[in-house]
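The structure file target_29.txt is reproduced below (compact mmCIF, C-alpha atoms).
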```txt
# COMPACT_ATOMS: atom_id res chain seq x y z
CA MET A 1 10.08 4.74 4.29
CA MET A 2 7.37 4.80 6.92
CA PRO A 3 5.89 1.78 8.63
CA GLY A 4 2.48 0.87 7.24
CA LEU A 5 3.64 1.48 3.69
CA MET A 6 2.10 -1.05 1.37
CA ILE A 7 2.92 -0.73 -2.28
CA GLU A 8 5.52 1.28 -4.17
CA ARG A 9 5.88 1.15 -7.96
CA GLU A 10 7.56 3.36 -10.55
CA VAL A 11 7.90 3.86 -14.28
CA LEU A 12 10.11 5.94 -16.56
CA ILE A 13 8.14 8.00 -19.07
CA GLU A 14 9.47 9.60 -22.26
CA ALA A 15 7.67 12.90 -21.69
CA PRO A 16 8.31 16.06 -19.65
CA ALA A 17 6.91 16.31 -16.11
CA GLU A 18 4.26 18.87 -17.15
CA VAL A 19 2.75 16.41 -19.63
CA VAL A 20 2.86 13.53 -17.12
CA TRP A 21 1.31 15.82 -14.49
CA ARG A 22 -1.68 16.54 -16.72
CA THR A 23 -2.13 12.83 -17.44
CA VAL A 24 -2.04 11.97 -13.75
CA THR A 25 -4.25 14.77 -12.40
CA GLU A 26 -6.80 15.85 -15.02
CA PRO A 27 -10.14 14.06 -14.39
CA ASP A 28 -10.80 13.32 -18.10
CA GLN A 29 -7.30 11.76 -18.31
CA MET A 30 -7.73 9.91 -15.00
CA SER A 31 -10.87 8.27 -16.34
CA GLN A 32 -8.69 6.68 -19.06
CA TRP A 33 -6.18 5.00 -16.75
CA PHE A 34 -7.87 4.79 -13.38
CA ALA A 35 -11.59 4.87 -12.64
CA ASP A 36 -14.50 4.66 -15.08
CA ARG A 37 -15.78 7.98 -13.85
CA VAL A 38 -13.78 10.61 -11.98
CA GLU A 39 -15.28 13.65 -10.33
CA LEU A 40 -12.46 15.59 -8.80
CA VAL A 41 -11.29 19.13 -8.32
CA VAL A 42 -7.51 19.02 -8.03
CA GLU A 43 -7.18 21.23 -4.97
CA PRO A 44 -5.95 20.33 -1.49
CA GLY A 45 -8.89 19.27 0.69
CA ALA A 46 -11.29 18.87 -2.25
CA HIS A 47 -13.79 16.00 -1.96
CA GLY A 48 -14.38 13.95 -5.09
CA TYR A 49 -15.73 10.63 -6.26
CA MET A 50 -14.43 7.72 -8.33
CA GLU A 51 -16.50 5.00 -9.90
CA PHE A 52 -15.22 1.52 -10.82
CA GLY A 53 -17.96 -0.37 -12.66
CA ASP A 54 -20.74 -0.72 -10.13
CA GLN A 55 -18.44 0.21 -7.27
CA GLY A 56 -17.34 3.64 -6.26
CA GLY A 57 -16.16 5.72 -3.40
CA PRO A 58 -15.23 9.14 -2.18
CA VAL A 59 -11.69 10.51 -2.44
CA VAL A 60 -10.17 13.49 -0.70
CA VAL A 61 -7.25 15.36 -2.26
CA GLU A 62 -4.29 15.97 0.08
CA VAL A 63 -1.27 17.46 -1.71
CA VAL A 64 -1.25 19.32 -5.03
CA ASP A 65 2.20 20.59 -5.92
CA PRO A 66 2.53 20.81 -9.73
CA PRO A 67 4.32 19.24 -11.43
CA THR A 68 5.93 17.06 -8.79
CA ARG A 69 3.52 15.88 -6.06
CA PHE A 70 -0.12 14.81 -6.02
CA SER A 71 -1.82 12.73 -3.36
CA PHE A 72 -5.29 11.69 -2.27
CA ARG A 73 -6.90 9.48 0.34
CA TRP A 74 -9.56 6.87 -0.38
CA ASN A 75 -11.08 3.65 0.93
CA HIS A 76 -12.21 5.34 4.13
CA PRO A 77 -15.48 4.28 5.78
CA ARG A 78 -18.52 5.99 4.30
CA GLY A 79 -19.55 9.08 6.21
CA GLU A 80 -16.16 9.49 7.90
CA GLU A 81 -13.44 11.99 7.10
CA PRO A 82 -10.33 10.17 5.85
CA VAL A 83 -7.44 10.38 8.28
CA PRO A 84 -4.30 8.29 8.80
CA GLY A 85 -5.55 5.02 10.24
CA ASN A 86 -8.91 4.72 8.46
CA SER A 87 -7.95 5.21 4.80
CA MET A 88 -5.42 4.55 2.07
CA LEU A 89 -3.09 7.31 0.89
CA VAL A 90 -2.09 7.32 -2.78
CA GLU A 91 0.94 9.51 -3.50
CA PHE A 92 2.34 10.32 -6.93
CA THR A 93 5.84 11.75 -7.20
CA LEU A 94 7.17 13.06 -10.52
CA THR A 95 10.93 13.48 -10.92
CA PRO A 96 12.37 15.08 -14.09
CA GLU A 97 15.18 12.84 -15.36
CA GLY A 98 16.53 15.13 -18.11
CA GLY A 99 16.10 14.72 -21.87
CA GLU A 100 12.33 15.24 -21.49
CA ARG A 101 11.99 12.13 -19.38
CA THR A 102 10.11 11.78 -16.10
CA ARG A 103 10.24 9.16 -13.40
CA LEU A 104 6.76 8.58 -11.99
CA ARG A 105 6.52 6.87 -8.63
CA VAL A 106 3.32 5.81 -6.89
CA ALA A 107 2.99 4.71 -3.30
CA GLU A 108 -0.20 3.38 -1.77
CA SER A 109 -0.11 3.14 1.99
CA GLY A 110 -2.57 2.88 4.75
CA HIS A 111 -4.01 1.84 8.05
CA GLU A 112 -0.82 2.99 9.69
CA LEU A 113 -1.24 2.78 13.42
CA LEU A 114 -0.20 5.67 15.53
CA ALA A 115 0.33 3.96 18.86
CA TRP A 116 4.04 3.16 18.52
CA PRO A 117 6.64 5.61 19.81
CA ASP A 118 8.32 7.31 16.82
CA ALA A 119 11.80 6.03 17.69
CA GLU A 120 10.50 2.48 17.79
CA LYS A 121 8.68 2.92 14.45
CA GLN A 122 11.81 4.33 12.87
CA ARG A 123 13.98 1.50 14.17
CA TYR A 124 11.59 -1.11 12.86
CA ALA A 125 11.21 0.70 9.53
CA ASP A 126 15.00 0.81 9.19
CA GLU A 127 15.15 -2.94 9.71
CA HIS A 128 12.36 -3.55 7.18
CA ARG A 129 13.12 -1.46 4.16
CA GLU A 130 11.71 -4.03 1.79
CA GLY A 131 8.30 -3.43 0.21
CA TRP A 132 5.13 -5.12 1.33
CA ALA A 133 4.99 -7.65 -1.45
CA GLU A 134 8.60 -8.64 -0.70
CA TYR A 135 7.87 -8.80 3.01
CA LEU A 136 4.97 -11.20 2.55
CA ASP A 137 6.86 -13.20 -0.05
CA ARG A 138 9.71 -13.63 2.37
CA LEU A 139 7.40 -14.71 5.19
CA ALA A 140 5.64 -17.20 2.94
CA THR A 141 8.97 -18.60 1.71
CA LEU A 142 10.36 -18.93 5.22
CA LEU A 143 7.20 -20.65 6.31
CA ALA A 144 7.20 -23.06 3.37
CA LYS A 145 10.80 -24.02 4.19
CA ARG A 146 9.94 -24.62 7.81
CA GLN A 147 6.80 -26.64 7.25
CA PRO A 148 6.96 -28.51 3.94
CA ARG A 149 3.46 -28.82 2.50
CA MET B 150 -12.07 -2.89 -10.79
CA THR B 151 -9.82 -2.26 -7.88
CA ALA B 152 -8.03 -5.03 -5.99
CA GLN B 153 -9.35 -5.30 -2.50
CA ILE B 154 -7.54 -6.73 0.44
CA ASP B 155 -10.06 -7.02 3.18
CA ASP B 156 -9.71 -4.44 5.88
CA GLU B 157 -9.08 -6.90 8.69
CA LEU B 158 -6.15 -8.46 6.88
CA TRP B 159 -4.84 -5.12 5.70
CA SER B 160 -4.87 -3.46 9.09
CA ALA B 161 -3.61 -6.63 10.79
CA ILE B 162 -0.45 -6.58 8.68
CA ALA B 163 -0.08 -2.81 8.47
CA ASP B 164 0.92 -2.49 12.11
CA PRO B 165 4.68 -2.79 12.69
CA SER B 166 4.28 -4.46 16.11
CA ARG B 167 2.10 -7.15 14.59
CA ARG B 168 4.57 -7.67 11.77
CA HIS B 169 7.18 -8.13 14.46
CA VAL B 170 5.01 -10.82 16.11
CA LEU B 171 4.37 -12.46 12.71
CA ASP B 172 8.11 -12.46 11.98
CA LEU B 173 8.77 -14.26 15.25
CA LEU B 174 6.00 -16.80 14.66
CA VAL B 175 7.24 -17.55 11.15
CA SER B 176 10.83 -18.01 12.31
CA ASN B 177 10.04 -20.02 15.41
CA GLY B 178 6.93 -22.05 14.73
CA GLU B 179 4.49 -22.71 17.53
CA VAL B 180 5.16 -20.56 20.57
CA SER B 181 3.34 -19.09 23.54
CA ALA B 182 2.39 -15.48 24.18
CA SER B 183 4.88 -15.31 27.09
CA TRP B 184 7.70 -16.53 24.86
CA LEU B 185 6.82 -13.80 22.35
CA ALA B 186 6.58 -11.17 25.08
CA GLY B 187 10.19 -11.91 26.04
CA ARG B 188 11.36 -10.97 22.54
CA VAL B 189 9.45 -7.80 21.65
CA PRO B 190 9.81 -4.21 22.90
CA PHE B 191 6.23 -4.08 24.14
CA SER B 192 4.21 -5.52 27.02
CA ARG B 193 2.70 -8.98 27.46
CA GLN B 194 -0.76 -7.32 27.30
CA ALA B 195 0.13 -5.74 23.96
CA VAL B 196 1.28 -9.13 22.63
CA SER B 197 -2.06 -10.67 23.62
CA LYS B 198 -3.97 -7.88 21.87
CA HIS B 199 -1.90 -8.28 18.72
CA LEU B 200 -2.47 -12.04 18.74
CA VAL B 201 -6.24 -11.47 18.98
CA VAL B 202 -6.12 -9.17 15.92
CA LEU B 203 -3.93 -11.61 13.96
CA GLU B 204 -6.23 -14.48 14.89
CA ARG B 205 -9.32 -12.51 13.82
CA ALA B 206 -7.66 -11.81 10.48
CA GLY B 207 -7.05 -15.55 10.12
CA LEU B 208 -3.27 -15.16 10.04
CA VAL B 209 -2.65 -16.96 13.32
CA SER B 210 -4.29 -19.94 15.01
CA ARG B 211 -3.95 -21.26 18.52
CA ARG B 212 -4.20 -24.56 20.33
CA LYS B 213 -3.94 -25.66 23.93
CA ARG B 214 -1.15 -27.92 25.04
CA GLY B 215 -1.61 -28.74 28.69
CA ARG B 216 -1.88 -25.42 30.51
CA GLU B 217 -0.18 -23.56 27.68
CA VAL B 218 -1.75 -21.84 24.67
CA LEU B 219 0.44 -22.03 21.57
CA TYR B 220 0.19 -19.81 18.52
CA GLN B 221 1.24 -20.44 14.94
CA VAL B 222 0.98 -18.78 11.55
CA GLU B 223 -1.75 -19.97 9.15
CA ALA B 224 0.21 -20.62 5.96
CA ASN B 225 -2.81 -20.60 3.61
CA ARG B 226 -4.00 -17.24 4.82
CA LEU B 227 -0.49 -15.85 4.50
CA ASP B 228 -0.40 -17.10 0.90
CA GLN B 229 -3.71 -15.37 0.23
CA ALA B 230 -2.34 -12.13 1.63
CA THR B 231 0.79 -12.48 -0.49
CA GLN B 232 -1.29 -12.99 -3.63
CA ALA B 233 -3.58 -10.08 -2.84
CA MET B 234 -0.57 -7.84 -2.33
CA ALA B 235 1.02 -8.99 -5.59
CA GLU B 236 -2.27 -8.30 -7.39
CA LEU B 237 -2.36 -4.79 -5.94
CA ALA B 238 1.19 -4.17 -7.15
CA ALA B 239 0.30 -5.56 -10.60
CA GLN B 240 -2.72 -3.27 -10.71
CA TRP B 241 -0.55 -0.21 -10.10
CA ASP B 242 1.90 -1.44 -12.74
CA ARG B 243 -0.97 -1.61 -15.25
CA ARG B 244 -2.09 1.90 -14.30
CA LEU B 245 1.43 3.30 -14.55
CA GLY B 246 1.76 1.60 -17.95
CA MET B 247 -1.40 3.34 -19.15
CA ILE B 248 -0.22 6.70 -17.81
CA LYS B 249 3.08 6.17 -19.66
CA ARG B 250 1.28 5.43 -22.93
CA LEU B 251 -1.10 8.40 -22.58
CA ALA B 252 1.65 10.86 -21.62
CA GLU B 253 4.05 9.70 -24.34
CA THR B 254 1.29 9.93 -26.97
CA ALA B 255 0.34 13.42 -25.78
CA HIS B 256 3.99 14.47 -25.82
CA ALA B 257 4.53 13.13 -29.36
CA GLU B 258 1.44 15.01 -30.54
CA ASN B 259 2.59 18.24 -28.85
CA ARG B 260 5.92 17.99 -30.65
CA LYS B 261 4.24 17.35 -34.01
CA GLY B 262 2.02 20.39 -33.38
CA ASN B 263 5.03 22.56 -32.53
CA ARG B 264 6.89 21.49 -35.68
CA HIS B 265 3.90 22.46 -37.84
CA GLU B 266 3.78 25.89 -36.20
CA GLY B 267 7.53 26.42 -36.66
```

Take the structure I supplied and represent it as structure tokens, if you would.
Amino acid sequence: MMPGLMIEREVLIEAPAEVVWRTVTEPDQMSQWFADRVELVVEPGAHGYMEFGDQGGPVVVEVVDPPTRFSFRWNHPRGEEPVPGNSMLVEFTLTPEGGERTRLRVAESGHELLAWPDAEKQRYADEHREGWAEYLDRLATLLAKRQPR
Amino acid sequence: MTAQIDDELWSAIADPSRRHVLDLLVSNGEVSASWLAGRVPFSRQAVSKHLVVLERAGLVSRRKRGREVLYQVEANRLDQATQAMAELAAQWDRRLGMIKRLAETAHAENRKGNRHEG
């Protein structure tokens, strides 16, 4: 796990990886589970667009490795190229589980800062393997214990 | 719709050094920047910068006691952040659930199609 990681979720799907891959990456499928409108060419470096109701934003595809890895960056400031530090990275990982089953994992991470020495980042990441939600939950719980409200 | 955690909050918490500072503030209550600087692997100047960012994001507040400035975590803001994060996780769970349903339906239809051919 890298520092800056925000959210990690997964689901087990009763379908082969190829089928899950098409559901995750084909724009007409994406518009059924993700955005209202998806304009996207599934190629590394391709610039696309996703619309959510009256909101929308650009996305840039990073990794396309069928049928196991697909990632894109979004939520970067308008007019800027998305890079680590100014955007969110959404990564899908598909793992065949046998018996035509696939484990689908999604991680959304972002705004990772690059100023820390790698060794220091790694040490801190090792000490904080929990997810973001758990991290904040723990802080809030600790705080509530310390200062009863 | 997509859950939004405002950028200031998001980037304030995303940095491991600032999480380190937050950890210390949560565990120790109201403390000074010098006290924090004695317990982190970065400089006093870095601690001050991190405190400014955390304060701007509303996660930390400060007050003067004599000549000292003391910092503490803002519990309400931390709760907000926790809820926003939980909502983001729930949103991905909903999306994964929809992907599961779509893929399993497509797979079932493929199999039916194959049986008819064979």

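Comparing the minimum interatomic distances between B:Trp184 and each of B:Leu208, B:Ala163, B:Leu219, B:Leu203, counting all atoms listed in the file, we find that B:Leu219 sits nearest.
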
Please tabulate, as JSON lines, the residues of chain B that come within 10 Å of chain A, each with its closest pair of atoms and the distance in Å to one decimal, counting all atoms listed in the file and ordering rows by chain, then residue number upward.
```
{"residue": "B:Met150", "atom": "CA", "partner": "A:Phe52", "partner_atom": "CA", "distance": 5.4}
{"residue": "B:Thr151", "atom": "CA", "partner": "A:Phe52", "partner_atom": "CA", "distance": 7.2}
{"residue": "B:Gln153", "atom": "CA", "partner": "A:Asn75", "partner_atom": "CA", "distance": 9.7}
{"residue": "B:Asp156", "atom": "CA", "partner": "A:His111", "partner_atom": "CA", "distance": 8.8}
{"residue": "B:Trp159", "atom": "CA", "partner": "A:His111", "partner_atom": "CA", "distance": 7.4}
{"residue": "B:Ser160", "atom": "CA", "partner": "A:His111", "partner_atom": "CA", "distance": 5.5}
{"residue": "B:Ala161", "atom": "CA", "partner": "A:His111", "partner_atom": "CA", "distance": 8.9}
{"residue": "B:Ile162", "atom": "CA", "partner": "A:Gly4", "partner_atom": "CA", "distance": 8.1}
{"residue": "B:Ala163", "atom": "CA", "partner": "A:Gly4", "partner_atom": "CA", "distance": 4.6}
{"residue": "B:Asp164", "atom": "CA", "partner": "A:Leu113", "partner_atom": "CA", "distance": 5.8}
{"residue": "B:Pro165", "atom": "CA", "partner": "A:Pro3", "partner_atom": "CA", "distance": 6.2}
{"residue": "B:Ser166", "atom": "CA", "partner": "A:Trp116", "partner_atom": "CA", "distance": 8.0}
{"residue": "B:Arg168", "atom": "CA", "partner": "A:Tyr135", "partner_atom": "CA", "distance": 9.4}
{"residue": "B:His169", "atom": "CA", "partner": "A:Tyr124", "partner_atom": "CA", "distance": 8.4}
{"residue": "B:Leu171", "atom": "CA", "partner": "A:Leu139", "partner_atom": "CA", "distance": 8.4}
{"residue": "B:Asp172", "atom": "CA", "partner": "A:Leu139", "partner_atom": "CA", "distance": 7.2}
{"residue": "B:Leu174", "atom": "CA", "partner": "A:Leu143", "partner_atom": "CA", "distance": 9.3}
{"residue": "B:Val175", "atom": "CA", "partner": "A:Leu143", "partner_atom": "CA", "distance": 5.7}
{"residue": "B:Ser176", "atom": "CA", "partner": "A:Leu142", "partner_atom": "CA", "distance": 7.2}
{"residue": "B:Asn177", "atom": "CA", "partner": "A:Arg146", "partner_atom": "CA", "distance": 8.9}
{"residue": "B:Gly178", "atom": "CA", "partner": "A:Arg146", "partner_atom": "CA", "distance": 8.0}
{"residue": "B:Pro190", "atom": "CA", "partner": "A:Glu120", "partner_atom": "CA", "distance": 8.4}
{"residue": "B:Phe191", "atom": "CA", "partner": "A:Trp116", "partner_atom": "CA", "distance": 9.4}
{"residue": "B:Val222", "atom": "CA", "partner": "A:Leu143", "partner_atom": "CA", "distance": 8.3}
{"residue": "B:Glu223", "atom": "CA", "partner": "A:Leu143", "partner_atom": "CA", "distance": 9.4}
{"residue": "B:Ala224", "atom": "CA", "partner": "A:Leu143", "partner_atom": "CA", "distance": 7.0}
{"residue": "B:Asn225", "atom": "CA", "partner": "A:Ala140", "partner_atom": "CA", "distance": 9.1}
{"residue": "B:Arg226", "atom": "CA", "partner": "A:Ala140", "partner_atom": "CA", "distance": 9.8}
{"residue": "B:Leu227", "atom": "CA", "partner": "A:Ala140", "partner_atom": "CA", "distance": 6.5}
{"residue": "B:Asp228", "atom": "CA", "partner": "A:Ala140", "partner_atom": "CA", "distance": 6.4}
{"residue": "B:Gln229", "atom": "CA", "partner": "A:Leu136", "partner_atom": "CA", "distance": 9.9}
{"residue": "B:Ala230", "atom": "CA", "partner": "A:Leu136", "partner_atom": "CA", "distance": 7.4}
{"residue": "B:Thr231", "atom": "CA", "partner": "A:Leu136", "partner_atom": "CA", "distance": 5.3}
{"residue": "B:Gln232", "atom": "CA", "partner": "A:Ala133", "partner_atom": "CA", "distance": 8.5}
{"residue": "B:Ala233", "atom": "CA", "partner": "A:Ala133", "partner_atom": "CA", "distance": 9.0}
{"residue": "B:Met234", "atom": "CA", "partner": "A:Ala133", "partner_atom": "CA", "distance": 5.6}
{"residue": "B:Ala235", "atom": "CA", "partner": "A:Ala133", "partner_atom": "CA", "distance": 5.9}
{"residue": "B:Glu236", "atom": "CA", "partner": "A:Ala133", "partner_atom": "CA", "distance": 9.4}
{"residue": "B:Leu237", "atom": "CA", "partner": "A:Ile7", "partner_atom": "CA", "distance": 7.6}
{"residue": "B:Ala238", "atom": "CA", "partner": "A:Ile7", "partner_atom": "CA", "distance": 6.2}
{"residue": "B:Ala239", "atom": "CA", "partner": "A:Arg9", "partner_atom": "CA", "distance": 9.1}
{"residue": "B:Gln240", "atom": "CA", "partner": "A:Phe34", "partner_atom": "CA", "distance": 9.9}
{"residue": "B:Trp241", "atom": "CA", "partner": "A:Arg9", "partner_atom": "CA", "distance": 6.9}
{"residue": "B:Asp242", "atom": "CA", "partner": "A:Arg9", "partner_atom": "CA", "distance": 6.7}
{"residue": "B:Arg243", "atom": "CA", "partner": "A:Trp33", "partner_atom": "CA", "distance": 8.5}
{"residue": "B:Arg244", "atom": "CA", "partner": "A:Trp33", "partner_atom": "CA", "distance": 5.7}
{"residue": "B:Leu245", "atom": "CA", "partner": "A:Val11", "partner_atom": "CA", "distance": 6.5}
{"residue": "B:Gly246", "atom": "CA", "partner": "A:Val11", "partner_atom": "CA", "distance": 7.5}
{"residue": "B:Met247", "atom": "CA", "partner": "A:Trp33", "partner_atom": "CA", "distance": 5.6}
{"residue": "B:Ile248", "atom": "CA", "partner": "A:Trp33", "partner_atom": "CA", "distance": 6.3}
{"residue": "B:Lys249", "atom": "CA", "partner": "A:Ile13", "partner_atom": "CA", "distance": 5.4}
{"residue": "B:Arg250", "atom": "CA", "partner": "A:Ile13", "partner_atom": "CA", "distance": 8.3}
{"residue": "B:Leu251", "atom": "CA", "partner": "A:Thr23", "partner_atom": "CA", "distance": 6.9}
{"residue": "B:Ala252", "atom": "CA", "partner": "A:Val20", "partner_atom": "CA", "distance": 5.4}
{"residue": "B:Glu253", "atom": "CA", "partner": "A:Ala15", "partner_atom": "CA", "distance": 5.5}
{"residue": "B:Thr254", "atom": "CA", "partner": "A:Ala15", "partner_atom": "CA", "distance": 8.8}
{"residue": "B:Ala255", "atom": "CA", "partner": "A:Val19", "partner_atom": "CA", "distance": 7.3}
{"residue": "B:His256", "atom": "CA", "partner": "A:Ala15", "partner_atom": "CA", "distance": 5.8}
{"residue": "B:Ala257", "atom": "CA", "partner": "A:Ala15", "partner_atom": "CA", "distance": 8.3}
{"residue": "B:Asn259", "atom": "CA", "partner": "A:Val19", "partner_atom": "CA", "distance": 9.4}
```

* If you count only C-alpha atoms, which residues fall within 8 Å of A:Tyr49, apart from same-chain ones fewer than 6 positions away, as an MDAnalysis selection string? -> chainID A and resid 38:40 56:59

Mind writing the picked residues with C-alpha atoms as a compact mmCIF listing (two decimals), in the coordinates of the input?
```txt
# COMPACT_ATOMS: atom_id res chain seq x y z
CA VAL A 38 -13.78 10.61 -11.98
CA GLU A 39 -15.28 13.65 -10.33
CA LEU A 40 -12.46 15.59 -8.80
CA GLY A 56 -17.34 3.64 -6.26
CA GLY A 57 -16.16 5.72 -3.40
CA PRO A 58 -15.23 9.14 -2.18
CA VAL A 59 -11.69 10.51 -2.44
```

* Structure fact -> Between atom CA of A:Val41 and atom CA of A:Val64 lies a distance of 10.6 Å

* To do: For B:Tyr220, list every protein, DNA or RNA residue within 6 Å, evaluated using all atoms listed in the file, and leave out those in the same chain fewer than 4 positions away; present the list as a count of residues only.
  => 5

* Asked: Which distance in Å separates atom CA of A:Gly99 and atom CA of A:Glu26, to one decimal?
  ->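 Pair atom CA of A:Gly99 / atom CA of A:Glu26 returns 23.9 Å.
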
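The residue that comes closest to B:Ser183, out of B:Glu217, B:Arg212, B:Lys261, B:Val201 and on the basis of only C-alpha atoms, is B:Glu217.
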
Can you patch up stretch 72-90 of chain A, filling it in to N, CA and C atoms, and show the result as a tab-separated table (two decimals), in the coordinates of the input?
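Everything below was put into out_9.tsv:
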```
chain	number	residue	atom	x	y	z
A	72	PHE	N	-3.91	11.71	-2.76
A	72	PHE	CA	-5.29	11.69	-2.27
A	72	PHE	C	-5.49	10.49	-1.35
A	73	ARG	N	-6.52	10.60	-0.53
A	73	ARG	CA	-6.90	9.48	0.34
A	73	ARG	C	-8.21	8.88	-0.15
A	74	TRP	N	-8.32	7.56	-0.02
A	74	TRP	CA	-9.56	6.87	-0.38
A	74	TRP	C	-9.71	5.63	0.47
A	75	ASN	N	-10.77	4.86	0.16
A	75	ASN	CA	-11.08	3.65	0.93
A	75	ASN	C	-11.30	3.93	2.41
A	76	HIS	N	-11.86	5.09	2.72
A	76	HIS	CA	-12.21	5.34	4.13
A	76	HIS	C	-13.69	4.97	4.31
A	77	PRO	N	-14.09	4.67	5.56
A	77	PRO	CA	-15.48	4.28	5.78
A	77	PRO	C	-16.42	5.41	5.38
A	78	ARG	N	-17.53	5.02	4.75
A	78	ARG	CA	-18.52	5.99	4.30
A	78	ARG	C	-18.97	6.88	5.45
A	79	GLY	N	-19.05	8.16	5.19
A	79	GLY	CA	-19.55	9.08	6.21
A	79	GLY	C	-18.47	9.58	7.16
A	80	GLU	N	-17.25	9.01	7.04
A	80	GLU	CA	-16.16	9.49	7.90
A	80	GLU	C	-15.19	10.34	7.09
A	81	GLU	N	-14.53	11.26	7.75
A	81	GLU	CA	-13.44	11.99	7.10
A	81	GLU	C	-12.22	11.07	7.05
A	82	PRO	N	-11.52	11.03	5.91
A	82	PRO	CA	-10.33	10.17	5.85
A	82	PRO	C	-9.18	10.77	6.65
A	83	VAL	N	-8.61	9.96	7.51
A	83	VAL	CA	-7.44	10.38	8.28
A	83	VAL	C	-6.47	9.21	8.29
A	84	PRO	N	-5.20	9.43	8.67
A	84	PRO	CA	-4.30	8.29	8.80
A	84	PRO	C	-4.93	7.28	9.75
A	85	GLY	N	-4.96	6.02	9.37
A	85	GLY	CA	-5.55	5.02	10.24
A	85	GLY	C	-6.86	4.47	9.73
A	86	ASN	N	-7.64	5.27	8.95
A	86	ASN	CA	-8.91	4.72	8.46
A	86	ASN	C	-9.00	4.73	6.93
A	87	SER	N	-7.88	5.03	6.25
A	87	SER	CA	-7.95	5.21	4.80
A	87	SER	C	-6.63	4.84	4.16
A	88	MET	N	-6.64	4.80	2.82
A	88	MET	CA	-5.42	4.55	2.07
A	88	MET	C	-4.97	5.88	1.46
A	89	LEU	N	-3.66	6.10	1.49
A	89	LEU	CA	-3.09	7.31	0.89
A	89	LEU	C	-2.37	6.91	-0.40
A	90	VAL	N	-2.76	7.55	-1.50
A	90	VAL	CA	-2.09	7.32	-2.78
A	90	VAL	C	-1.26	8.56	-3.11
```
